[in-house]
>>> print(open('my_file32.cif').read())   # mmCIF, N, CA and C atoms
data_run
#
loop_
_atom_site.label_atom_id
_atom_site.label_comp_id
_atom_site.auth_asym_id
_atom_site.auth_seq_id
_atom_site.Cartn_x
_atom_site.Cartn_y
_atom_site.Cartn_z
N MET A 1323 -30.05 -13.42 30.41
CA MET A 1323 -29.23 -12.27 30.06
C MET A 1323 -30.09 -11.03 30.28
N ASN A 1324 -29.57 -10.07 31.04
CA ASN A 1324 -30.33 -8.84 31.28
C ASN A 1324 -30.11 -7.85 30.14
N ASN A 1325 -30.84 -6.72 30.19
CA ASN A 1325 -30.77 -5.73 29.11
C ASN A 1325 -29.38 -5.14 28.93
N THR A 1326 -28.65 -4.92 30.01
CA THR A 1326 -27.30 -4.34 29.92
C THR A 1326 -26.36 -5.31 29.23
N GLN A 1327 -26.42 -6.58 29.61
CA GLN A 1327 -25.56 -7.59 28.98
C GLN A 1327 -25.91 -7.74 27.50
N PHE A 1328 -27.20 -7.74 27.20
CA PHE A 1328 -27.64 -7.86 25.82
C PHE A 1328 -27.16 -6.67 24.99
N SER A 1329 -27.32 -5.47 25.51
CA SER A 1329 -26.87 -4.26 24.81
C SER A 1329 -25.37 -4.29 24.57
N THR A 1330 -24.62 -4.71 25.58
CA THR A 1330 -23.17 -4.79 25.45
C THR A 1330 -22.79 -5.81 24.37
N SER A 1331 -23.46 -6.95 24.35
CA SER A 1331 -23.18 -7.98 23.34
C SER A 1331 -23.48 -7.47 21.94
N ILE A 1332 -24.61 -6.79 21.78
CA ILE A 1332 -24.98 -6.24 20.48
C ILE A 1332 -23.97 -5.19 20.04
N ASN A 1333 -23.53 -4.33 20.96
CA ASN A 1333 -22.54 -3.30 20.63
C ASN A 1333 -21.22 -3.91 20.18
N ILE A 1334 -20.80 -4.96 20.86
CA ILE A 1334 -19.54 -5.64 20.51
C ILE A 1334 -19.66 -6.26 19.12
N MET A 1335 -20.78 -6.96 18.86
CA MET A 1335 -20.96 -7.59 17.55
C MET A 1335 -21.03 -6.54 16.45
N PHE A 1336 -21.69 -5.42 16.69
CA PHE A 1336 -21.79 -4.36 15.70
C PHE A 1336 -20.41 -3.77 15.41
N THR A 1337 -19.62 -3.55 16.45
CA THR A 1337 -18.27 -2.98 16.28
C THR A 1337 -17.39 -3.92 15.47
N VAL A 1338 -17.42 -5.21 15.80
CA VAL A 1338 -16.63 -6.20 15.06
C VAL A 1338 -17.07 -6.22 13.59
N ALA A 1339 -18.37 -6.22 13.34
CA ALA A 1339 -18.87 -6.23 11.96
C ALA A 1339 -18.46 -4.97 11.22
N LEU A 1340 -18.52 -3.83 11.89
CA LEU A 1340 -18.15 -2.56 11.27
C LEU A 1340 -16.68 -2.56 10.88
N VAL A 1341 -15.81 -3.00 11.78
CA VAL A 1341 -14.38 -3.06 11.48
C VAL A 1341 -14.12 -4.02 10.33
N PHE A 1342 -14.77 -5.18 10.37
CA PHE A 1342 -14.58 -6.17 9.31
C PHE A 1342 -14.99 -5.61 7.95
N PHE A 1343 -16.18 -5.03 7.86
CA PHE A 1343 -16.67 -4.53 6.58
C PHE A 1343 -15.92 -3.29 6.13
N ALA A 1344 -15.47 -2.47 7.05
CA ALA A 1344 -14.69 -1.29 6.67
C ALA A 1344 -13.38 -1.72 6.02
N ASN A 1345 -12.72 -2.71 6.60
CA ASN A 1345 -11.45 -3.17 6.04
C ASN A 1345 -11.63 -3.97 4.76
N THR A 1346 -12.69 -4.77 4.67
CA THR A 1346 -12.86 -5.57 3.46
C THR A 1346 -13.37 -4.73 2.29
N SER A 1347 -13.85 -3.52 2.55
CA SER A 1347 -14.26 -2.68 1.42
C SER A 1347 -13.07 -2.32 0.56
N PHE A 1348 -11.87 -2.39 1.12
CA PHE A 1348 -10.65 -2.11 0.38
C PHE A 1348 -10.04 -3.36 -0.21
N ALA A 1349 -10.59 -4.51 0.11
CA ALA A 1349 -9.92 -5.78 -0.14
C ALA A 1349 -9.70 -6.10 -1.61
N LYS A 1350 -10.14 -5.26 -2.51
CA LYS A 1350 -9.96 -5.53 -3.92
C LYS A 1350 -8.63 -4.97 -4.40
N GLY A 1351 -7.56 -5.38 -3.74
CA GLY A 1351 -6.23 -4.97 -4.17
C GLY A 1351 -5.91 -5.61 -5.51
N LEU A 1352 -4.90 -5.07 -6.15
CA LEU A 1352 -4.49 -5.62 -7.44
C LEU A 1352 -3.94 -7.02 -7.25
N LYS A 1353 -4.14 -7.86 -8.25
CA LYS A 1353 -3.55 -9.19 -8.24
C LYS A 1353 -2.06 -9.05 -8.54
N SER A 1354 -1.28 -10.03 -8.16
CA SER A 1354 0.18 -9.98 -8.33
C SER A 1354 0.60 -9.65 -9.75
N ASP A 1355 0.00 -10.36 -10.73
CA ASP A 1355 0.39 -10.12 -12.13
C ASP A 1355 -0.04 -8.74 -12.61
N GLU A 1356 -1.19 -8.25 -12.13
CA GLU A 1356 -1.64 -6.90 -12.49
C GLU A 1356 -0.70 -5.84 -11.92
N LEU A 1357 -0.31 -6.04 -10.68
CA LEU A 1357 0.59 -5.10 -10.02
C LEU A 1357 1.94 -5.07 -10.71
N LYS A 1358 2.47 -6.25 -11.04
CA LYS A 1358 3.76 -6.30 -11.72
C LYS A 1358 3.70 -5.59 -13.07
N ALA A 1359 2.64 -5.84 -13.83
CA ALA A 1359 2.50 -5.19 -15.14
C ALA A 1359 2.35 -3.67 -14.99
N LEU A 1360 1.73 -3.24 -13.91
CA LEU A 1360 1.50 -1.82 -13.68
C LEU A 1360 2.78 -1.05 -13.40
N ILE A 1361 3.73 -1.67 -12.65
CA ILE A 1361 4.90 -0.89 -12.20
C ILE A 1361 6.23 -1.33 -12.78
N ASN A 1362 6.31 -2.52 -13.37
CA ASN A 1362 7.59 -3.00 -13.87
C ASN A 1362 8.11 -2.08 -14.98
N ASP A 1363 9.32 -1.56 -14.80
CA ASP A 1363 9.96 -0.62 -15.73
C ASP A 1363 9.13 0.66 -15.88
N LYS A 1364 8.57 1.12 -14.75
CA LYS A 1364 7.76 2.33 -14.73
C LYS A 1364 8.22 3.24 -13.60
N THR A 1365 7.91 4.53 -13.74
CA THR A 1365 8.14 5.52 -12.69
C THR A 1365 6.79 5.93 -12.14
N VAL A 1366 6.64 5.81 -10.82
CA VAL A 1366 5.41 6.17 -10.15
C VAL A 1366 5.59 7.53 -9.48
N GLU A 1367 4.71 8.46 -9.82
CA GLU A 1367 4.67 9.76 -9.14
C GLU A 1367 3.59 9.66 -8.07
N SER A 1368 3.97 9.96 -6.83
CA SER A 1368 3.03 9.77 -5.73
C SER A 1368 3.06 10.94 -4.76
N GLU A 1369 2.10 10.90 -3.86
CA GLU A 1369 2.04 11.87 -2.78
C GLU A 1369 1.77 11.09 -1.50
N SER A 1370 2.60 11.34 -0.48
CA SER A 1370 2.41 10.64 0.79
C SER A 1370 1.16 11.16 1.48
N ALA A 1371 0.68 10.40 2.45
CA ALA A 1371 -0.50 10.82 3.21
C ALA A 1371 -0.27 12.15 3.91
N SER A 1372 0.99 12.49 4.16
CA SER A 1372 1.31 13.77 4.81
C SER A 1372 1.59 14.88 3.80
N GLY A 1373 1.43 14.59 2.49
CA GLY A 1373 1.49 15.63 1.47
C GLY A 1373 2.81 15.81 0.75
N PHE A 1374 3.76 14.91 0.91
CA PHE A 1374 5.07 15.04 0.25
C PHE A 1374 5.09 14.28 -1.08
N ALA A 1375 5.57 14.95 -2.12
CA ALA A 1375 5.67 14.32 -3.44
C ALA A 1375 6.88 13.40 -3.49
N ALA A 1376 6.76 12.34 -4.29
CA ALA A 1376 7.87 11.40 -4.47
C ALA A 1376 7.78 10.81 -5.87
N LYS A 1377 8.92 10.32 -6.35
CA LYS A 1377 8.99 9.56 -7.60
C LYS A 1377 9.79 8.30 -7.31
N ILE A 1378 9.28 7.18 -7.81
CA ILE A 1378 9.96 5.89 -7.62
C ILE A 1378 10.01 5.18 -8.97
N TYR A 1379 11.22 4.77 -9.34
CA TYR A 1379 11.39 3.96 -10.55
C TYR A 1379 11.55 2.51 -10.14
N TYR A 1380 10.68 1.63 -10.70
CA TYR A 1380 10.71 0.19 -10.44
C TYR A 1380 11.37 -0.51 -11.62
N SER A 1381 12.63 -0.87 -11.47
CA SER A 1381 13.40 -1.48 -12.55
C SER A 1381 13.00 -2.95 -12.74
N PRO A 1382 13.07 -3.45 -13.98
CA PRO A 1382 12.77 -4.87 -14.24
C PRO A 1382 13.71 -5.83 -13.51
N ASP A 1383 14.89 -5.35 -13.08
CA ASP A 1383 15.82 -6.24 -12.37
C ASP A 1383 15.48 -6.38 -10.89
N GLY A 1384 14.36 -5.75 -10.44
CA GLY A 1384 13.95 -5.88 -9.05
C GLY A 1384 14.50 -4.79 -8.13
N SER A 1385 15.19 -3.82 -8.70
CA SER A 1385 15.69 -2.71 -7.87
C SER A 1385 14.75 -1.51 -8.03
N PHE A 1386 14.80 -0.61 -7.06
CA PHE A 1386 14.05 0.63 -7.18
C PHE A 1386 14.92 1.79 -6.75
N LYS A 1387 14.56 2.96 -7.25
CA LYS A 1387 15.22 4.22 -6.89
C LYS A 1387 14.12 5.22 -6.60
N LYS A 1388 14.28 5.96 -5.50
CA LYS A 1388 13.22 6.87 -5.05
C LYS A 1388 13.81 8.22 -4.69
N ILE A 1389 13.10 9.29 -5.07
CA ILE A 1389 13.46 10.63 -4.66
C ILE A 1389 12.24 11.24 -3.95
N LYS A 1390 12.46 11.72 -2.73
CA LYS A 1390 11.41 12.35 -1.94
C LYS A 1390 12.05 13.42 -1.08
N ARG A 1391 11.58 14.64 -1.15
CA ARG A 1391 12.11 15.78 -0.38
C ARG A 1391 13.62 15.88 -0.54
N ASP A 1392 14.08 15.76 -1.77
CA ASP A 1392 15.51 15.85 -2.10
C ASP A 1392 16.35 14.76 -1.46
N GLU A 1393 15.72 13.70 -0.96
CA GLU A 1393 16.43 12.55 -0.40
C GLU A 1393 16.31 11.39 -1.38
N PHE A 1394 17.43 10.77 -1.68
CA PHE A 1394 17.49 9.66 -2.63
C PHE A 1394 17.65 8.36 -1.85
N THR A 1395 16.80 7.38 -2.14
CA THR A 1395 16.95 6.05 -1.55
C THR A 1395 16.86 5.02 -2.66
N LYS A 1396 17.40 3.86 -2.39
CA LYS A 1396 17.31 2.77 -3.36
C LYS A 1396 17.25 1.46 -2.60
N GLY A 1397 16.87 0.43 -3.32
CA GLY A 1397 16.75 -0.89 -2.70
C GLY A 1397 16.19 -1.88 -3.69
N VAL A 1398 15.49 -2.89 -3.16
CA VAL A 1398 14.89 -3.92 -4.00
C VAL A 1398 13.37 -3.95 -3.79
N TRP A 1399 12.67 -4.37 -4.82
CA TRP A 1399 11.22 -4.52 -4.73
C TRP A 1399 10.82 -5.90 -5.22
N TYR A 1400 9.70 -6.38 -4.68
CA TYR A 1400 9.11 -7.64 -5.14
C TYR A 1400 7.64 -7.65 -4.72
N ILE A 1401 6.90 -8.57 -5.25
CA ILE A 1401 5.49 -8.74 -4.89
C ILE A 1401 5.39 -10.06 -4.13
N ASN A 1402 4.87 -9.99 -2.90
CA ASN A 1402 4.82 -11.21 -2.07
C ASN A 1402 3.63 -12.09 -2.45
N SER A 1403 3.51 -13.22 -1.77
CA SER A 1403 2.47 -14.20 -2.10
C SER A 1403 1.06 -13.68 -1.82
N ASP A 1404 0.93 -12.62 -1.01
CA ASP A 1404 -0.37 -12.01 -0.74
C ASP A 1404 -0.72 -10.93 -1.75
N GLY A 1405 0.15 -10.70 -2.74
CA GLY A 1405 -0.10 -9.67 -3.74
C GLY A 1405 0.26 -8.27 -3.28
N LYS A 1406 1.02 -8.16 -2.21
CA LYS A 1406 1.44 -6.84 -1.72
C LYS A 1406 2.80 -6.48 -2.32
N LEU A 1407 2.97 -5.19 -2.58
CA LEU A 1407 4.24 -4.67 -3.06
C LEU A 1407 5.17 -4.51 -1.86
N CYS A 1408 6.33 -5.14 -1.93
CA CYS A 1408 7.31 -5.07 -0.84
C CYS A 1408 8.55 -4.35 -1.34
N LYS A 1409 9.09 -3.49 -0.47
CA LYS A 1409 10.33 -2.77 -0.79
C LYS A 1409 11.24 -2.85 0.42
N LYS A 1410 12.51 -3.16 0.13
CA LYS A 1410 13.54 -3.17 1.17
C LYS A 1410 14.60 -2.17 0.76
N VAL A 1411 14.72 -1.14 1.57
CA VAL A 1411 15.70 -0.09 1.33
C VAL A 1411 17.09 -0.63 1.65
N ASP A 1412 18.09 -0.28 0.82
CA ASP A 1412 19.47 -0.68 1.10
C ASP A 1412 19.84 -0.27 2.53
N GLY A 1413 20.45 -1.20 3.26
CA GLY A 1413 20.86 -0.94 4.62
C GLY A 1413 19.80 -1.28 5.67
N GLU A 1414 18.58 -1.51 5.25
CA GLU A 1414 17.50 -1.90 6.17
C GLU A 1414 17.47 -3.42 6.26
N SER A 1415 16.99 -3.94 7.40
CA SER A 1415 16.98 -5.38 7.58
C SER A 1415 15.67 -6.04 7.12
N THR A 1416 14.60 -5.27 7.05
CA THR A 1416 13.32 -5.87 6.65
C THR A 1416 12.65 -5.05 5.55
N ALA A 1417 11.82 -5.75 4.81
CA ALA A 1417 11.04 -5.10 3.75
C ALA A 1417 9.71 -4.62 4.33
N LEU A 1418 9.18 -3.56 3.76
CA LEU A 1418 7.84 -3.08 4.09
C LEU A 1418 6.93 -3.45 2.94
N CYS A 1419 5.81 -4.10 3.26
CA CYS A 1419 4.88 -4.55 2.23
C CYS A 1419 3.58 -3.78 2.34
N ARG A 1420 3.03 -3.37 1.20
CA ARG A 1420 1.84 -2.53 1.15
C ARG A 1420 0.85 -3.09 0.12
N LEU A 1421 -0.43 -2.90 0.42
CA LEU A 1421 -1.49 -3.29 -0.50
C LEU A 1421 -1.81 -2.11 -1.41
N ILE A 1422 -1.91 -2.35 -2.70
CA ILE A 1422 -2.21 -1.32 -3.68
C ILE A 1422 -3.65 -1.53 -4.15
N VAL A 1423 -4.47 -0.47 -4.04
CA VAL A 1423 -5.89 -0.56 -4.35
C VAL A 1423 -6.25 0.54 -5.35
N LYS A 1424 -6.91 0.18 -6.43
CA LYS A 1424 -7.36 1.16 -7.43
C LYS A 1424 -8.57 1.89 -6.88
N LYS A 1425 -8.50 3.23 -6.89
CA LYS A 1425 -9.61 4.08 -6.43
C LYS A 1425 -9.82 5.17 -7.47
N GLY A 1426 -10.76 4.97 -8.37
CA GLY A 1426 -11.00 5.95 -9.43
C GLY A 1426 -9.81 6.01 -10.37
N ASP A 1427 -9.23 7.21 -10.52
CA ASP A 1427 -8.10 7.42 -11.43
C ASP A 1427 -6.74 7.27 -10.75
N VAL A 1428 -6.72 6.93 -9.48
CA VAL A 1428 -5.47 6.82 -8.74
C VAL A 1428 -5.39 5.47 -8.04
N TRP A 1429 -4.23 5.18 -7.49
CA TRP A 1429 -4.01 3.96 -6.72
C TRP A 1429 -3.66 4.39 -5.31
N LYS A 1430 -4.28 3.75 -4.33
CA LYS A 1430 -4.01 4.04 -2.92
C LYS A 1430 -3.12 2.94 -2.37
N VAL A 1431 -2.17 3.35 -1.54
CA VAL A 1431 -1.22 2.43 -0.92
C VAL A 1431 -1.56 2.37 0.57
N TYR A 1432 -1.79 1.12 1.06
CA TYR A 1432 -2.19 0.93 2.45
C TYR A 1432 -1.24 0.02 3.21
N LYS A 1433 -1.01 0.37 4.46
CA LYS A 1433 -0.36 -0.54 5.39
C LYS A 1433 -1.48 -1.35 6.03
N VAL A 1434 -1.40 -2.66 5.89
CA VAL A 1434 -2.43 -3.54 6.42
C VAL A 1434 -1.87 -4.22 7.67
N PRO A 1435 -2.43 -3.94 8.84
CA PRO A 1435 -1.89 -4.53 10.07
C PRO A 1435 -2.15 -6.04 10.13
N GLY A 1436 -1.32 -6.73 10.89
CA GLY A 1436 -1.50 -8.16 11.08
C GLY A 1436 -2.78 -8.49 11.83
N ASN A 1437 -3.23 -7.58 12.68
CA ASN A 1437 -4.45 -7.76 13.45
C ASN A 1437 -5.63 -7.23 12.64
N PRO A 1438 -6.56 -8.10 12.20
CA PRO A 1438 -7.67 -7.65 11.35
C PRO A 1438 -8.62 -6.68 12.04
N ALA A 1439 -8.57 -6.57 13.37
CA ALA A 1439 -9.44 -5.63 14.08
C ALA A 1439 -8.92 -4.20 13.98
N LYS A 1440 -7.66 -4.05 13.57
CA LYS A 1440 -7.10 -2.70 13.43
C LYS A 1440 -7.35 -2.18 12.02
N SER A 1441 -7.48 -0.86 11.90
CA SER A 1441 -7.76 -0.28 10.59
C SER A 1441 -6.52 -0.20 9.72
N TRP A 1442 -6.79 -0.19 8.44
CA TRP A 1442 -5.74 -0.01 7.47
C TRP A 1442 -5.28 1.44 7.53
N LYS A 1443 -4.01 1.65 7.23
CA LYS A 1443 -3.48 3.01 7.27
C LYS A 1443 -3.07 3.43 5.86
N HIS A 1444 -3.66 4.53 5.40
CA HIS A 1444 -3.32 5.07 4.09
C HIS A 1444 -1.92 5.66 4.16
N LYS A 1445 -1.03 5.20 3.30
CA LYS A 1445 0.37 5.65 3.31
C LYS A 1445 0.66 6.65 2.19
N SER A 1446 0.11 6.39 1.00
CA SER A 1446 0.36 7.31 -0.12
C SER A 1446 -0.66 7.06 -1.23
N THR A 1447 -0.65 7.98 -2.19
CA THR A 1447 -1.50 7.87 -3.37
C THR A 1447 -0.62 7.97 -4.60
N TRP A 1448 -0.76 7.00 -5.50
CA TRP A 1448 -0.05 7.05 -6.76
C TRP A 1448 -0.89 7.90 -7.72
N LEU A 1449 -0.31 8.99 -8.18
CA LEU A 1449 -1.03 9.93 -9.03
C LEU A 1449 -0.86 9.65 -10.52
N ARG A 1450 0.38 9.30 -10.90
CA ARG A 1450 0.69 9.01 -12.32
C ARG A 1450 1.71 7.89 -12.39
N ILE A 1451 1.61 7.14 -13.46
CA ILE A 1451 2.58 6.07 -13.73
C ILE A 1451 3.10 6.30 -15.14
N LEU A 1452 4.41 6.51 -15.24
CA LEU A 1452 5.06 6.83 -16.51
C LEU A 1452 5.89 5.65 -16.99
N ASP A 1453 5.96 5.46 -18.29
CA ASP A 1453 6.80 4.39 -18.86
C ASP A 1453 8.26 4.71 -18.61
N GLY A 1454 9.02 3.68 -18.28
CA GLY A 1454 10.47 3.81 -18.15
C GLY A 1454 10.90 4.69 -16.98
N ASN A 1455 12.07 5.32 -17.17
CA ASN A 1455 12.70 6.12 -16.14
C ASN A 1455 13.03 7.49 -16.72
N PRO A 1456 12.00 8.30 -17.04
CA PRO A 1456 12.26 9.55 -17.75
C PRO A 1456 13.12 10.57 -16.98
N ASP A 1457 13.13 10.47 -15.66
CA ASP A 1457 13.93 11.41 -14.84
C ASP A 1457 15.32 10.88 -14.52
N LYS A 1458 15.66 9.70 -15.07
CA LYS A 1458 16.98 9.08 -14.85
C LYS A 1458 17.30 8.94 -13.38
N LEU A 1459 16.33 8.40 -12.63
CA LEU A 1459 16.55 8.17 -11.19
C LEU A 1459 17.62 7.12 -10.99
#
>>> encode(input="my_file32.cif", output="C-alpha cells")
Amino acid sequence: MNNTQFSTSINIMFTVALVFFANTSFAKGLKSDELKALINDKTVESESASGFAAKIYYSPDGSFKKIKRDEFTKGVWYINSDGKLCKKVDGESTALCRLIVKKGDVWKVYKVPGNPAKSWKHKSTWLRILDGNPDKL
C-alpha cells in the first residue's frame, strides 16, 4: 500500500468514526416509559429549529392537538418500540417518529435517518411542559 492509499484509508476510517461518535453522543434518548410519563396529559411548549413557537397537547387517549403559526392540527401519538415519539396527523398516511433527548433544562427533538452515516437533524426544542391542557387546545 503506498502513502496515498494509506492516507485515503485513514481519512475514510476517521470520517466514519467521527460520524458514528457524533451521532451516538445524542443516543441517550428517553426510554419509552420516561417519555410517556413526561408528555402524557401534558402540553408541550416548543420552538421549531426555524424559530416558530408551537404548543402541543398529548391526551391520555393517544390523540394530540397542536397550534403553530395560527394553524391547528390534530392526530394520534404513540411511542414506538425504539422509544421514539411518533405522531400521525389526521389525513396523513404515515406517522413521523422523532427521538427526544434531554439537553440541560430542555428537550431536543431529532429526526434520525435510517442511514447511520447521515447526521441527525434537529427539528425542535421543547422549552416547557405543563400539566394538562391549560390552553384548551
>>> closest_residue(input="my_file32.cif", among="A:Gly1436, A:Gly1373, A:Pro1382, A:Gly1397", to="A:Gly1413", atoms="all atoms listed in the file")
A:Gly1397
>>> atom_distance(input="my_file32.cif", atom1="atom C of A:Lys1388", atom2="atom C of A:Ile1422")
20.0 Å
>>> select_by_dssp(input="my_file32.cif", residues="stretch 1347-1419 of chain A", states="strand (DSSP E or B)", output="compact mmCIF listing (two decimals) with N, CA and C atoms, keeping the file's coordinate frame")
# COMPACT_ATOMS: atom_id res chain seq x y z
N GLY A 1351 -7.56 -5.38 -3.74
CA GLY A 1351 -6.23 -4.97 -4.17
C GLY A 1351 -5.91 -5.61 -5.51
N LYS A 1364 8.57 1.12 -14.75
CA LYS A 1364 7.76 2.33 -14.73
C LYS A 1364 8.22 3.24 -13.60
N THR A 1365 7.91 4.53 -13.74
CA THR A 1365 8.14 5.52 -12.69
C THR A 1365 6.79 5.93 -12.14
N VAL A 1366 6.64 5.81 -10.82
CA VAL A 1366 5.41 6.17 -10.15
C VAL A 1366 5.59 7.53 -9.48
N GLU A 1367 4.71 8.46 -9.82
CA GLU A 1367 4.67 9.76 -9.14
C GLU A 1367 3.59 9.66 -8.07
N SER A 1368 3.97 9.96 -6.83
CA SER A 1368 3.03 9.77 -5.73
C SER A 1368 3.06 10.94 -4.76
N GLU A 1369 2.10 10.90 -3.86
CA GLU A 1369 2.04 11.87 -2.78
C GLU A 1369 1.77 11.09 -1.50
N SER A 1370 2.60 11.34 -0.48
CA SER A 1370 2.41 10.64 0.79
C SER A 1370 1.16 11.16 1.48
N ALA A 1375 5.57 14.95 -2.12
CA ALA A 1375 5.67 14.32 -3.44
C ALA A 1375 6.88 13.40 -3.49
N ALA A 1376 6.76 12.34 -4.29
CA ALA A 1376 7.87 11.40 -4.47
C ALA A 1376 7.78 10.81 -5.87
N LYS A 1377 8.92 10.32 -6.35
CA LYS A 1377 8.99 9.56 -7.60
C LYS A 1377 9.79 8.30 -7.31
N ILE A 1378 9.28 7.18 -7.81
CA ILE A 1378 9.96 5.89 -7.62
C ILE A 1378 10.01 5.18 -8.97
N TYR A 1379 11.22 4.77 -9.34
CA TYR A 1379 11.39 3.96 -10.55
C TYR A 1379 11.55 2.51 -10.14
N TYR A 1380 10.68 1.63 -10.70
CA TYR A 1380 10.71 0.19 -10.44
C TYR A 1380 11.37 -0.51 -11.62
N SER A 1385 15.19 -3.82 -8.70
CA SER A 1385 15.69 -2.71 -7.87
C SER A 1385 14.75 -1.51 -8.03
N PHE A 1386 14.80 -0.61 -7.06
CA PHE A 1386 14.05 0.63 -7.18
C PHE A 1386 14.92 1.79 -6.75
N LYS A 1387 14.56 2.96 -7.25
CA LYS A 1387 15.22 4.22 -6.89
C LYS A 1387 14.12 5.22 -6.60
N LYS A 1388 14.28 5.96 -5.50
CA LYS A 1388 13.22 6.87 -5.05
C LYS A 1388 13.81 8.22 -4.69
N ILE A 1389 13.10 9.29 -5.07
CA ILE A 1389 13.46 10.63 -4.66
C ILE A 1389 12.24 11.24 -3.95
N LYS A 1390 12.46 11.72 -2.73
CA LYS A 1390 11.41 12.35 -1.94
C LYS A 1390 12.05 13.42 -1.08
N GLU A 1393 15.72 13.70 -0.96
CA GLU A 1393 16.43 12.55 -0.40
C GLU A 1393 16.31 11.39 -1.38
N PHE A 1394 17.43 10.77 -1.68
CA PHE A 1394 17.49 9.66 -2.63
C PHE A 1394 17.65 8.36 -1.85
N THR A 1395 16.80 7.38 -2.14
CA THR A 1395 16.95 6.05 -1.55
C THR A 1395 16.86 5.02 -2.66
N LYS A 1396 17.40 3.86 -2.39
CA LYS A 1396 17.31 2.77 -3.36
C LYS A 1396 17.25 1.46 -2.60
N GLY A 1397 16.87 0.43 -3.32
CA GLY A 1397 16.75 -0.89 -2.70
C GLY A 1397 16.19 -1.88 -3.69
N VAL A 1398 15.49 -2.89 -3.16
CA VAL A 1398 14.89 -3.92 -4.00
C VAL A 1398 13.37 -3.95 -3.79
N TRP A 1399 12.67 -4.37 -4.82
CA TRP A 1399 11.22 -4.52 -4.73
C TRP A 1399 10.82 -5.90 -5.22
N TYR A 1400 9.70 -6.38 -4.68
CA TYR A 1400 9.11 -7.64 -5.14
C TYR A 1400 7.64 -7.65 -4.72
N ILE A 1401 6.90 -8.57 -5.25
CA ILE A 1401 5.49 -8.74 -4.89
C ILE A 1401 5.39 -10.06 -4.13
N LEU A 1407 2.97 -5.19 -2.58
CA LEU A 1407 4.24 -4.67 -3.06
C LEU A 1407 5.17 -4.51 -1.86
N CYS A 1408 6.33 -5.14 -1.93
CA CYS A 1408 7.31 -5.07 -0.84
C CYS A 1408 8.55 -4.35 -1.34
N LYS A 1409 9.09 -3.49 -0.47
CA LYS A 1409 10.33 -2.77 -0.79
C LYS A 1409 11.24 -2.85 0.42
N LYS A 1410 12.51 -3.16 0.13
CA LYS A 1410 13.54 -3.17 1.17
C LYS A 1410 14.60 -2.17 0.76
N VAL A 1411 14.72 -1.14 1.57
CA VAL A 1411 15.70 -0.09 1.33
C VAL A 1411 17.09 -0.63 1.65
N LEU A 1418 9.18 -3.56 3.76
CA LEU A 1418 7.84 -3.08 4.09
C LEU A 1418 6.93 -3.45 2.94
N CYS A 1419 5.81 -4.10 3.26
CA CYS A 1419 4.88 -4.55 2.23
C CYS A 1419 3.58 -3.78 2.34
>>> closest_residue(input="my_file32.cif", among="A:Tyr1432, A:Ala1359, A:Trp1399, A:Lys1445", to="A:Lys1387", atoms="only N, CA and C atoms")
A:Trp1399
>>> closest_residue(input="my_file32.cif", among="A:Val1366, A:Leu1459, A:Arg1420, A:Phe1374", to="A:Trp1442", atoms="only C-alpha atoms")
A:Arg1420
>>> closest_residue(input="my_file32.cif", among="A:Leu1357, A:Val1411, A:Ile1389, A:Val1398", to="A:Val1431", atoms="only C-alpha atoms")
A:Leu1357
>>> resolve_selection(input="my_file32.cif", expression="the PyMOL selection byres (((chain A and resi 1403 and name CA) around 12) and name CA)", output="compact mmCIF listing (two decimals) with N, CA and C atoms, keeping the file's coordinate frame")
# COMPACT_ATOMS: atom_id res chain seq x y z
N LYS A 1353 -4.14 -7.86 -8.25
CA LYS A 1353 -3.55 -9.19 -8.24
C LYS A 1353 -2.06 -9.05 -8.54
N SER A 1354 -1.28 -10.03 -8.16
CA SER A 1354 0.18 -9.98 -8.33
C SER A 1354 0.60 -9.65 -9.75
N ASP A 1355 0.00 -10.36 -10.73
CA ASP A 1355 0.39 -10.12 -12.13
C ASP A 1355 -0.04 -8.74 -12.61
N TYR A 1400 9.70 -6.38 -4.68
CA TYR A 1400 9.11 -7.64 -5.14
C TYR A 1400 7.64 -7.65 -4.72
N ILE A 1401 6.90 -8.57 -5.25
CA ILE A 1401 5.49 -8.74 -4.89
C ILE A 1401 5.39 -10.06 -4.13
N ASN A 1402 4.87 -9.99 -2.90
CA ASN A 1402 4.82 -11.21 -2.07
C ASN A 1402 3.63 -12.09 -2.45
N ASP A 1404 0.93 -12.62 -1.01
CA ASP A 1404 -0.37 -12.01 -0.74
C ASP A 1404 -0.72 -10.93 -1.75
N GLY A 1405 0.15 -10.70 -2.74
CA GLY A 1405 -0.10 -9.67 -3.74
C GLY A 1405 0.26 -8.27 -3.28
N LYS A 1406 1.02 -8.16 -2.21
CA LYS A 1406 1.44 -6.84 -1.72
C LYS A 1406 2.80 -6.48 -2.32
N LEU A 1407 2.97 -5.19 -2.58
CA LEU A 1407 4.24 -4.67 -3.06
C LEU A 1407 5.17 -4.51 -1.86
N CYS A 1408 6.33 -5.14 -1.93
CA CYS A 1408 7.31 -5.07 -0.84
C CYS A 1408 8.55 -4.35 -1.34
N CYS A 1419 5.81 -4.10 3.26
CA CYS A 1419 4.88 -4.55 2.23
C CYS A 1419 3.58 -3.78 2.34
N LEU A 1421 -0.43 -2.90 0.42
CA LEU A 1421 -1.49 -3.29 -0.50
C LEU A 1421 -1.81 -2.11 -1.41
>>> resolve_selection(input="my_file32.cif", expression="the PyMOL selection byres ((chain A and resi 1447) around 6)", output="list in words")
Glu1367, Ser1368, Glu1369, Ser1370, Ala1371, Trp1429, Lys1430, Val1431, Lys1445, Ser1446, Trp1448 and Leu1449 of chain A
>>> atom_distance(input="my_file32.cif", atom1="atom CA of A:Arg1391", atom2="atom CA of A:Leu1352")
28.0 Å
>>> atom_distance(input="my_file32.cif", atom1="atom C of A:Val1428", atom2="atom CA of A:Tyr1380")
17.1 Å
>>> residues_around(input="my_file32.cif", residues="A:Asp1453", least_positions_apart="5", cutoff="6 Å", atoms="only N, CA and C atoms", output="count of residues only")
3
>>> select_by_dssp(input="my_file32.cif", residues="stretch 1346-1454 of chain A", states="alpha helix (DSSP H)", output="PyMOL selection string")
chain A and resi 1346+1354-1361
>>> closest_residue(input="my_file32.cif", among="A:Ser1441, A:Gly1351, A:Phe1386, A:Pro1456", to="A:Lys1410", atoms="only C-alpha atoms")
A:Phe1386
>>> closest_residue(input="my_file32.cif", among="A:Lys1377, A:Lys1433, A:Arg1450, A:Lys1443", to="A:Leu1360", atoms="only C-alpha atoms")
A:Arg1450
